[in-house]
Amino acid sequence: MAYVYDPTNIFARILRGEIPNNTVLETDHTLAFRDIQPQAPDHILVIPKGPYVCLDHFAFEASDAELLDFIRTSGEVCRMLGIRPGEAGGGYRAISNAGENGAQEVPHYHLHILAGRPLGRMLNPA
Ligand code: AMP
């Protein structure tokens, strides 16, 4: 299938510097910033700088350098926040929504990293 990326989405605008963000970490290929409506004391969004819609798009079409940088940056965010299992932050949840059933709001691939409180079971009953 052909993926269609909408360059007007809000994360594309953040990447172009058109609107501000609360950056946690930035690399050549990846940006991590705080969610504007946090669902936990720490709620970070990790996004690739390239135009990818969702996880599978990123997985199939990103370069090895982008893929490596994204996952390493995600781990580095966890290390920086001290939320790795066994650290004071006590663990985290990393989730990525995709498409309609995933209730994805912003069509630019992103990983949510949530931490700072017990997060309960992964899914609530529908
Ligand atoms: P999703 O439903 O997985 O697409 O999540 C999109 C997330 O983006 C939500 O948690 C929003 O609170 C967050 N969000 C939307 N606009 C901004 C923004 N300008 N800065 C930071 N986070 C945002």
# chains A, B, ... in the order shown; residues from 1 in each chain; ligands from 1
>>> residues_near_ligand(ligand="ligand 1", cutoff="10 Å", atoms="only C-alpha atoms and all ligand atoms", output="JSON list (two decimals) with N, CA, C and O atoms, in the first residue's frame")
[["chain", "number", "residue", "atom", "x", "y", "z"],
["A", 9, "ASN", "N", 0.11, 18.36, 9.43],
["A", 9, "ASN", "CA", -0.19, 17.89, 10.79],
["A", 9, "ASN", "C", 0.66, 18.64, 11.82],
["A", 9, "ASN", "O", 1.71, 19.19, 11.51],
["A", 10, "ILE", "N", 0.19, 18.63, 13.06],
["A", 10, "ILE", "CA", 0.79, 19.49, 14.10],
["A", 10, "ILE", "C", 2.24, 19.13, 14.40],
["A", 10, "ILE", "O", 3.06, 20.02, 14.69],
["A", 11, "PHE", "N", 2.59, 17.87, 14.30],
["A", 11, "PHE", "CA", 3.99, 17.50, 14.59],
["A", 11, "PHE", "C", 4.91, 17.94, 13.44],
["A", 11, "PHE", "O", 6.07, 18.30, 13.69],
["A", 13, "ARG", "N", 4.43, 20.63, 11.85],
["A", 13, "ARG", "CA", 4.58, 22.07, 12.12],
["A", 13, "ARG", "C", 5.59, 22.30, 13.25],
["A", 13, "ARG", "O", 6.37, 23.24, 13.20],
["A", 14, "ILE", "N", 5.57, 21.44, 14.26],
["A", 14, "ILE", "CA", 6.59, 21.53, 15.32],
["A", 14, "ILE", "C", 7.98, 21.33, 14.72],
["A", 14, "ILE", "O", 8.91, 22.09, 15.00],
["A", 19, "ILE", "N", 5.51, 26.05, 15.45],
["A", 19, "ILE", "CA", 4.92, 26.16, 16.78],
["A", 19, "ILE", "C", 5.91, 25.57, 17.80],
["A", 19, "ILE", "O", 6.70, 24.69, 17.45],
["A", 20, "PRO", "N", 5.86, 26.09, 19.03],
["A", 20, "PRO", "CA", 6.87, 25.67, 20.01],
["A", 20, "PRO", "C", 6.60, 24.28, 20.57],
["A", 20, "PRO", "O", 5.50, 23.73, 20.43],
["A", 21, "ASN", "N", 7.62, 23.73, 21.20],
["A", 21, "ASN", "CA", 7.45, 22.47, 21.91],
["A", 21, "ASN", "C", 8.38, 22.45, 23.10],
["A", 21, "ASN", "O", 9.34, 23.23, 23.16],
["A", 22, "ASN", "N", 8.10, 21.59, 24.03],
["A", 22, "ASN", "CA", 8.92, 21.44, 25.23],
["A", 22, "ASN", "C", 9.87, 20.25, 25.01],
["A", 22, "ASN", "O", 9.57, 19.12, 25.38],
["A", 23, "THR", "N", 11.01, 20.54, 24.40],
["A", 23, "THR", "CA", 11.93, 19.48, 23.98],
["A", 23, "THR", "C", 12.63, 18.83, 25.17],
["A", 23, "THR", "O", 13.10, 19.51, 26.08],
["A", 32, "ALA", "N", 12.22, 14.35, 20.84],
["A", 32, "ALA", "CA", 11.41, 13.92, 21.98],
["A", 32, "ALA", "C", 10.97, 15.18, 22.73],
["A", 32, "ALA", "O", 11.79, 16.04, 23.05],
["A", 33, "PHE", "N", 9.67, 15.27, 22.98],
["A", 33, "PHE", "CA", 9.14, 16.47, 23.64],
["A", 33, "PHE", "C", 7.96, 16.08, 24.51],
["A", 33, "PHE", "O", 7.36, 15.01, 24.36],
["A", 34, "ARG", "N", 7.60, 16.99, 25.43],
["A", 34, "ARG", "CA", 6.52, 16.70, 26.37],
["A", 34, "ARG", "C", 5.15, 16.86, 25.71],
["A", 34, "ARG", "O", 4.93, 17.82, 24.97],
["A", 35, "ASP", "N", 4.25, 15.92, 26.00],
["A", 35, "ASP", "CA", 2.88, 15.98, 25.50],
["A", 35, "ASP", "C", 2.18, 17.19, 26.12],
["A", 35, "ASP", "O", 2.33, 17.49, 27.30],
["A", 36, "ILE", "N", 1.41, 17.90, 25.32],
["A", 36, "ILE", "CA", 0.75, 19.12, 25.78],
["A", 36, "ILE", "C", -0.40, 18.83, 26.74],
["A", 36, "ILE", "O", -0.79, 19.69, 27.54],
["A", 37, "GLN", "N", -0.93, 17.61, 26.68],
["A", 37, "GLN", "CA", -2.00, 17.19, 27.60],
["A", 37, "GLN", "C", -1.55, 15.89, 28.28],
["A", 37, "GLN", "O", -2.04, 14.81, 27.95],
["A", 38, "PRO", "N", -0.64, 16.02, 29.25],
["A", 38, "PRO", "CA", -0.03, 14.80, 29.81],
["A", 38, "PRO", "C", -1.04, 13.91, 30.54],
["A", 38, "PRO", "O", -1.89, 14.39, 31.28],
["A", 39, "GLN", "N", -0.92, 12.62, 30.29],
["A", 39, "GLN", "CA", -1.78, 11.61, 30.93],
["A", 39, "GLN", "C", -1.10, 10.98, 32.14],
["A", 39, "GLN", "O", -1.68, 10.10, 32.80],
["A", 43, "HIS", "N", 5.05, 12.42, 30.43],
["A", 43, "HIS", "CA", 4.40, 11.98, 29.20],
["A", 43, "HIS", "C", 5.18, 12.62, 28.04],
["A", 43, "HIS", "O", 5.03, 13.80, 27.75],
["A", 44, "ILE", "N", 6.00, 11.78, 27.44],
["A", 44, "ILE", "CA", 6.90, 12.23, 26.39],
["A", 44, "ILE", "C", 6.45, 11.63, 25.06],
["A", 44, "ILE", "O", 6.01, 10.47, 25.01],
["A", 45, "LEU", "N", 6.55, 12.41, 24.00],
["A", 45, "LEU", "CA", 6.32, 11.92, 22.65],
["A", 45, "LEU", "C", 7.66, 11.86, 21.94],
["A", 45, "LEU", "O", 8.40, 12.85, 21.94],
["A", 54, "CYS", "N", 2.89, 6.28, 10.65],
["A", 54, "CYS", "CA", 2.62, 5.36, 11.75],
["A", 54, "CYS", "C", 3.76, 4.34, 11.84],
["A", 54, "CYS", "O", 4.67, 4.35, 11.00],
["A", 95, "ILE", "N", 3.69, 3.32, 24.14],
["A", 95, "ILE", "CA", 2.59, 2.90, 23.26],
["A", 95, "ILE", "C", 2.56, 3.78, 22.02],
["A", 95, "ILE", "O", 2.96, 4.94, 22.04],
["A", 96, "SER", "N", 2.01, 3.21, 20.95],
["A", 96, "SER", "CA", 1.88, 3.96, 19.70],
["A", 96, "SER", "C", 0.53, 3.65, 19.09],
["A", 96, "SER", "O", 0.21, 2.48, 18.84],
["A", 97, "ASN", "N", -0.25, 4.68, 18.87],
["A", 97, "ASN", "CA", -1.56, 4.51, 18.27],
["A", 97, "ASN", "C", -1.45, 4.63, 16.75],
["A", 97, "ASN", "O", -0.68, 5.44, 16.24],
["A", 98, "ALA", "N", -2.25, 3.85, 16.04],
["A", 98, "ALA", "CA", -2.22, 3.90, 14.58],
["A", 98, "ALA", "C", -3.62, 3.78, 14.02],
["A", 98, "ALA", "O", -4.37, 2.85, 14.37],
["A", 99, "GLY", "N", -3.96, 4.74, 13.17],
["A", 99, "GLY", "CA", -5.22, 4.66, 12.43],
["A", 99, "GLY", "C", -6.46, 4.76, 13.29],
["A", 99, "GLY", "O", -6.42, 5.14, 14.47],
["A", 100, "GLU", "N", -7.55, 4.40, 12.68],
["A", 100, "GLU", "CA", -8.87, 4.60, 13.28],
["A", 100, "GLU", "C", -9.06, 3.78, 14.54],
["A", 100, "GLU", "O", -9.38, 4.31, 15.60],
["A", 102, "GLY", "N", -6.87, 2.44, 16.36],
["A", 102, "GLY", "CA", -5.87, 2.82, 17.35],
["A", 102, "GLY", "C", -6.12, 4.20, 17.95],
["A", 102, "GLY", "O", -5.37, 4.64, 18.81],
["A", 103, "ALA", "N", -7.14, 4.89, 17.44],
["A", 103, "ALA", "CA", -7.50, 6.23, 17.92],
["A", 103, "ALA", "C", -6.32, 7.21, 17.79],
["A", 103, "ALA", "O", -6.08, 8.03, 18.66],
["A", 104, "GLN", "N", -5.62, 7.11, 16.65],
["A", 104, "GLN", "CA", -4.50, 8.03, 16.39],
["A", 104, "GLN", "C", -5.07, 9.40, 16.00],
["A", 104, "GLN", "O", -5.87, 9.51, 15.09],
["A", 105, "GLU", "N", -4.62, 10.43, 16.72],
["A", 105, "GLU", "CA", -5.09, 11.79, 16.44],
["A", 105, "GLU", "C", -4.15, 12.54, 15.50],
["A", 105, "GLU", "O", -4.59, 13.31, 14.65],
["A", 106, "VAL", "N", -2.86, 12.38, 15.73],
["A", 106, "VAL", "CA", -1.88, 13.13, 14.92],
["A", 106, "VAL", "C", -1.21, 12.15, 13.95],
["A", 106, "VAL", "O", -0.55, 11.20, 14.38],
["A", 107, "PRO", "N", -1.37, 12.38, 12.64],
["A", 107, "PRO", "CA", -0.88, 11.41, 11.66],
["A", 107, "PRO", "C", 0.60, 11.57, 11.32],
["A", 107, "PRO", "O", 0.99, 11.65, 10.14],
["A", 108, "HIS", "N", 1.40, 11.65, 12.36],
["A", 108, "HIS", "CA", 2.87, 11.60, 12.23],
["A", 108, "HIS", "C", 3.31, 10.60, 13.29],
["A", 108, "HIS", "O", 2.99, 10.78, 14.48],
["A", 109, "TYR", "N", 4.03, 9.57, 12.88],
["A", 109, "TYR", "CA", 4.39, 8.49, 13.81],
["A", 109, "TYR", "C", 4.98, 9.04, 15.11],
["A", 109, "TYR", "O", 5.85, 9.91, 15.09],
["A", 110, "HIS", "N", 4.49, 8.53, 16.23],
["A", 110, "HIS", "CA", 5.02, 8.94, 17.53],
["A", 110, "HIS", "C", 4.86, 7.80, 18.53],
["A", 110, "HIS", "O", 3.91, 7.02, 18.48],
["A", 111, "LEU", "N", 5.82, 7.78, 19.44],
["A", 111, "LEU", "CA", 5.79, 6.84, 20.56],
["A", 111, "LEU", "C", 5.49, 7.63, 21.82],
["A", 111, "LEU", "O", 6.18, 8.61, 22.13],
["A", 112, "HIS", "N", 4.43, 7.25, 22.53],
["A", 112, "HIS", "CA", 4.15, 7.84, 23.84],
["A", 112, "HIS", "C", 4.97, 7.10, 24.88],
["A", 112, "HIS", "O", 4.92, 5.86, 24.95]]
>>> residues_around(residues="Glu87 in chain A", least_positions_apart="6", cutoff="12 Å", atoms="only C-alpha atoms", output="ChimeraX atom specification")
/A:78-81,115-116
>>> write_last_selection(atoms="N, CA, C and O atoms", output="PDB file, in the first residue's frame")
ATOM      1  N   CYS A  78      14.156   7.462  28.490  1.00  0.00           N
ATOM      2  CA  CYS A  78      13.869   6.694  29.715  1.00  0.00           C
ATOM      3  C   CYS A  78      15.021   6.812  30.705  1.00  0.00           C
ATOM      4  O   CYS A  78      14.804   6.974  31.912  1.00  0.00           O
ATOM      5  N   ARG A  79      16.244   6.740  30.187  1.00  0.00           N
ATOM      6  CA  ARG A  79      17.410   6.864  31.067  1.00  0.00           C
ATOM      7  C   ARG A  79      17.474   8.259  31.675  1.00  0.00           C
ATOM      8  O   ARG A  79      17.680   8.428  32.883  1.00  0.00           O
ATOM      9  N   MET A  80      17.254   9.292  30.868  1.00  0.00           N
ATOM     10  CA  MET A  80      17.320  10.672  31.358  1.00  0.00           C
ATOM     11  C   MET A  80      16.288  10.939  32.446  1.00  0.00           C
ATOM     12  O   MET A  80      16.538  11.670  33.402  1.00  0.00           O
ATOM     13  N   LEU A  81      15.097  10.380  32.270  1.00  0.00           N
ATOM     14  CA  LEU A  81      14.018  10.623  33.232  1.00  0.00           C
ATOM     15  C   LEU A  81      14.137   9.743  34.475  1.00  0.00           C
ATOM     16  O   LEU A  81      13.419   9.964  35.451  1.00  0.00           O
ATOM     17  N   ALA A 115       4.949   7.754  32.381  1.00  0.00           N
ATOM     18  CA  ALA A 115       5.583   7.287  33.621  1.00  0.00           C
ATOM     19  C   ALA A 115       5.226   8.232  34.760  1.00  0.00           C
ATOM     20  O   ALA A 115       4.632   9.294  34.565  1.00  0.00           O
ATOM     21  N   GLY A 116       5.597   7.803  35.973  1.00  0.00           N
ATOM     22  CA  GLY A 116       5.461   8.686  37.127  1.00  0.00           C
ATOM     23  C   GLY A 116       4.307   8.334  38.033  1.00  0.00           C
ATOM     24  O   GLY A 116       4.123   8.965  39.082  1.00  0.00           O
TER      25      GLY A 116
END
>>> atom_distance(atom1="CA of Ile71 in chain A", atom2="CA of His29 in chain A")
10.8 Å
>>> select_by_dssp(residues="chain A", states="helix (DSSP H, G or I)", output="ChimeraX atom specification")
/A:10-15,55-61,64-81
>>> write_last_selection(atoms="N, CA, C and O atoms", output="short mmCIF file (atom, residue, chain, number, x, y, z; two decimals), in the first residue's frame")
data_model
loop_
_atom_site.label_atom_id
_atom_site.label_comp_id
_atom_site.auth_asym_id
_atom_site.auth_seq_id
_atom_site.Cartn_x
_atom_site.Cartn_y
_atom_site.Cartn_z
N ILE A 10 0.19 18.63 13.06
CA ILE A 10 0.79 19.49 14.10
C ILE A 10 2.24 19.13 14.40
O ILE A 10 3.06 20.02 14.69
N PHE A 11 2.59 17.87 14.30
CA PHE A 11 3.99 17.50 14.59
C PHE A 11 4.91 17.94 13.44
O PHE A 11 6.07 18.30 13.69
N ALA A 12 4.40 17.92 12.23
CA ALA A 12 5.18 18.47 11.10
C ALA A 12 5.43 19.96 11.33
O ALA A 12 6.51 20.47 11.04
N ARG A 13 4.43 20.63 11.85
CA ARG A 13 4.58 22.07 12.12
C ARG A 13 5.59 22.30 13.25
O ARG A 13 6.37 23.24 13.20
N ILE A 14 5.57 21.44 14.26
CA ILE A 14 6.59 21.53 15.32
C ILE A 14 7.98 21.33 14.72
O ILE A 14 8.91 22.09 15.00
N LEU A 15 8.12 20.33 13.86
CA LEU A 15 9.44 20.04 13.27
C LEU A 15 9.91 21.19 12.38
O LEU A 15 11.12 21.43 12.27
N LEU A 55 3.70 3.49 12.82
CA LEU A 55 4.78 2.54 13.08
C LEU A 55 5.14 1.71 11.86
O LEU A 55 6.32 1.58 11.50
N ASP A 56 4.15 1.14 11.20
CA ASP A 56 4.47 0.25 10.07
C ASP A 56 5.08 1.02 8.91
O ASP A 56 6.01 0.55 8.24
N HIS A 57 4.60 2.26 8.68
CA HIS A 57 5.20 3.11 7.66
C HIS A 57 6.67 3.35 7.98
O HIS A 57 7.56 3.17 7.13
N PHE A 58 6.94 3.73 9.22
CA PHE A 58 8.31 3.99 9.67
C PHE A 58 9.15 2.72 9.52
O PHE A 58 10.28 2.74 9.02
N ALA A 59 8.60 1.60 9.95
CA ALA A 59 9.34 0.34 9.92
C ALA A 59 9.74 -0.07 8.50
O ALA A 59 10.84 -0.58 8.27
N PHE A 60 8.83 0.17 7.54
CA PHE A 60 9.10 -0.28 6.17
C PHE A 60 9.94 0.71 5.37
O PHE A 60 10.70 0.30 4.50
N GLU A 61 9.80 2.01 5.64
CA GLU A 61 10.39 2.99 4.71
C GLU A 61 11.51 3.84 5.30
O GLU A 61 12.20 4.53 4.55
N ASP A 64 18.01 2.68 7.93
CA ASP A 64 18.56 2.03 9.12
C ASP A 64 19.00 3.08 10.14
O ASP A 64 18.82 2.90 11.35
N ALA A 65 19.57 4.18 9.67
CA ALA A 65 20.04 5.23 10.58
C ALA A 65 18.87 5.85 11.35
O ALA A 65 18.97 6.10 12.56
N GLU A 66 17.77 6.09 10.66
CA GLU A 66 16.59 6.66 11.32
C GLU A 66 16.01 5.68 12.34
O GLU A 66 15.64 6.08 13.46
N LEU A 67 15.94 4.42 11.95
CA LEU A 67 15.36 3.40 12.84
C LEU A 67 16.21 3.25 14.11
O LEU A 67 15.68 3.23 15.22
N LEU A 68 17.50 3.17 13.91
CA LEU A 68 18.40 3.01 15.06
C LEU A 68 18.35 4.22 15.97
O LEU A 68 18.26 4.11 17.20
N ASP A 69 18.37 5.39 15.36
CA ASP A 69 18.36 6.62 16.15
C ASP A 69 17.07 6.75 16.96
O ASP A 69 17.09 7.17 18.12
N PHE A 70 15.96 6.36 16.36
CA PHE A 70 14.67 6.49 17.04
C PHE A 70 14.62 5.61 18.29
O PHE A 70 14.25 6.07 19.38
N ILE A 71 15.02 4.36 18.15
CA ILE A 71 14.89 3.46 19.30
C ILE A 71 15.93 3.78 20.37
O ILE A 71 15.65 3.72 21.56
N ARG A 72 17.12 4.19 19.94
CA ARG A 72 18.14 4.58 20.91
C ARG A 72 17.71 5.85 21.65
O ARG A 72 17.91 5.97 22.87
N THR A 73 17.12 6.81 20.93
CA THR A 73 16.67 8.05 21.56
C THR A 73 15.54 7.76 22.55
O THR A 73 15.49 8.34 23.64
N SER A 74 14.66 6.84 22.20
CA SER A 74 13.59 6.46 23.12
C SER A 74 14.16 5.90 24.41
O SER A 74 13.72 6.24 25.52
N GLY A 75 15.15 5.05 24.28
CA GLY A 75 15.80 4.51 25.48
C GLY A 75 16.51 5.58 26.27
O GLY A 75 16.48 5.57 27.52
N GLU A 76 17.12 6.52 25.57
CA GLU A 76 17.84 7.59 26.25
C GLU A 76 16.87 8.48 27.03
O GLU A 76 17.20 8.95 28.13
N VAL A 77 15.69 8.71 26.50
CA VAL A 77 14.68 9.47 27.23
C VAL A 77 14.35 8.76 28.55
O VAL A 77 14.29 9.39 29.61
N CYS A 78 14.16 7.46 28.49
CA CYS A 78 13.87 6.69 29.71
C CYS A 78 15.02 6.81 30.71
O CYS A 78 14.80 6.97 31.91
N ARG A 79 16.24 6.74 30.19
CA ARG A 79 17.41 6.86 31.07
C ARG A 79 17.47 8.26 31.67
O ARG A 79 17.68 8.43 32.88
N MET A 80 17.25 9.29 30.87
CA MET A 80 17.32 10.67 31.36
C MET A 80 16.29 10.94 32.45
O MET A 80 16.54 11.67 33.40
N LEU A 81 15.10 10.38 32.27
CA LEU A 81 14.02 10.62 33.23
C LEU A 81 14.14 9.74 34.47
O LEU A 81 13.42 9.96 35.45
#
>>> atom_distance(atom1="CA of Thr30 in chain A", atom2="CA of Gly50 in chain A")
8.3 Å
>>> atom_distance(atom1="CA of Tyr5 in chain A", atom2="CA of Glu26 in chain A")
21.9 Å
>>> select_by_dssp(residues="chain A", states="strand (DSSP E or B)", output="ChimeraX atom specification")
/A:23-26,30-34,42-48,92-95,111-115
>>> write_last_selection(atoms="N, CA and C atoms", output="CSV table (one decimal), in the first residue's frame")
chain,number,residue,atom,x,y,z
A,23,THR,N,11.0,20.5,24.4
A,23,THR,CA,11.9,19.5,24.0
A,23,THR,C,12.6,18.8,25.2
A,24,VAL,N,12.7,17.5,25.1
A,24,VAL,CA,13.4,16.7,26.1
A,24,VAL,C,14.8,16.3,25.5
A,25,LEU,N,14.8,15.9,24.3
A,25,LEU,CA,16.0,15.4,23.6
A,25,LEU,C,15.8,15.6,22.1
A,26,GLU,N,16.9,16.0,21.4
A,26,GLU,CA,16.8,16.1,20.0
A,26,GLU,C,18.1,15.5,19.4
A,30,THR,N,15.6,12.5,15.2
A,30,THR,CA,14.5,12.2,16.2
A,30,THR,C,14.3,13.4,17.1
A,31,LEU,N,13.1,13.6,17.5
A,31,LEU,CA,12.8,14.7,18.5
A,31,LEU,C,11.9,14.1,19.6
A,32,ALA,N,12.2,14.4,20.8
A,32,ALA,CA,11.4,13.9,22.0
A,32,ALA,C,11.0,15.2,22.7
A,33,PHE,N,9.7,15.3,23.0
A,33,PHE,CA,9.1,16.5,23.6
A,33,PHE,C,8.0,16.1,24.5
A,34,ARG,N,7.6,17.0,25.4
A,34,ARG,CA,6.5,16.7,26.4
A,34,ARG,C,5.2,16.9,25.7
A,42,ASP,N,5.1,12.1,33.8
A,42,ASP,CA,5.9,12.2,32.7
A,42,ASP,C,5.2,11.6,31.5
A,43,HIS,N,5.0,12.4,30.4
A,43,HIS,CA,4.4,12.0,29.2
A,43,HIS,C,5.2,12.6,28.0
A,44,ILE,N,6.0,11.8,27.4
A,44,ILE,CA,6.9,12.2,26.4
A,44,ILE,C,6.4,11.6,25.1
A,45,LEU,N,6.6,12.4,24.0
A,45,LEU,CA,6.3,11.9,22.6
A,45,LEU,C,7.7,11.9,21.9
A,46,VAL,N,8.0,10.7,21.3
A,46,VAL,CA,9.2,10.6,20.6
A,46,VAL,C,8.8,10.5,19.1
A,47,ILE,N,9.3,11.3,18.2
A,47,ILE,CA,8.9,11.3,16.8
A,47,ILE,C,10.1,11.3,15.9
A,48,PRO,N,10.0,10.6,14.8
A,48,PRO,CA,11.1,10.7,13.8
A,48,PRO,C,11.0,12.1,13.1
A,92,TYR,N,7.7,2.3,33.1
A,92,TYR,CA,7.0,3.2,32.2
A,92,TYR,C,6.1,2.4,31.3
A,93,ARG,N,5.3,3.0,30.4
A,93,ARG,CA,4.6,2.4,29.3
A,93,ARG,C,4.9,3.1,28.1
A,94,ALA,N,5.3,2.4,27.0
A,94,ALA,CA,5.5,2.9,25.7
A,94,ALA,C,4.5,2.4,24.7
A,95,ILE,N,3.7,3.3,24.1
A,95,ILE,CA,2.6,2.9,23.3
A,95,ILE,C,2.6,3.8,22.0
A,111,LEU,N,5.8,7.8,19.4
A,111,LEU,CA,5.8,6.8,20.6
A,111,LEU,C,5.5,7.6,21.8
A,112,HIS,N,4.4,7.2,22.5
A,112,HIS,CA,4.1,7.8,23.8
A,112,HIS,C,5.0,7.1,24.9
A,113,ILE,N,5.7,7.8,25.7
A,113,ILE,CA,6.3,7.2,26.9
A,113,ILE,C,5.7,7.9,28.1
A,114,LEU,N,5.0,7.0,28.9
A,114,LEU,CA,4.2,7.5,30.1
A,114,LEU,C,4.8,6.9,31.3
A,115,ALA,N,4.9,7.8,32.4
A,115,ALA,CA,5.6,7.3,33.6
A,115,ALA,C,5.2,8.2,34.8
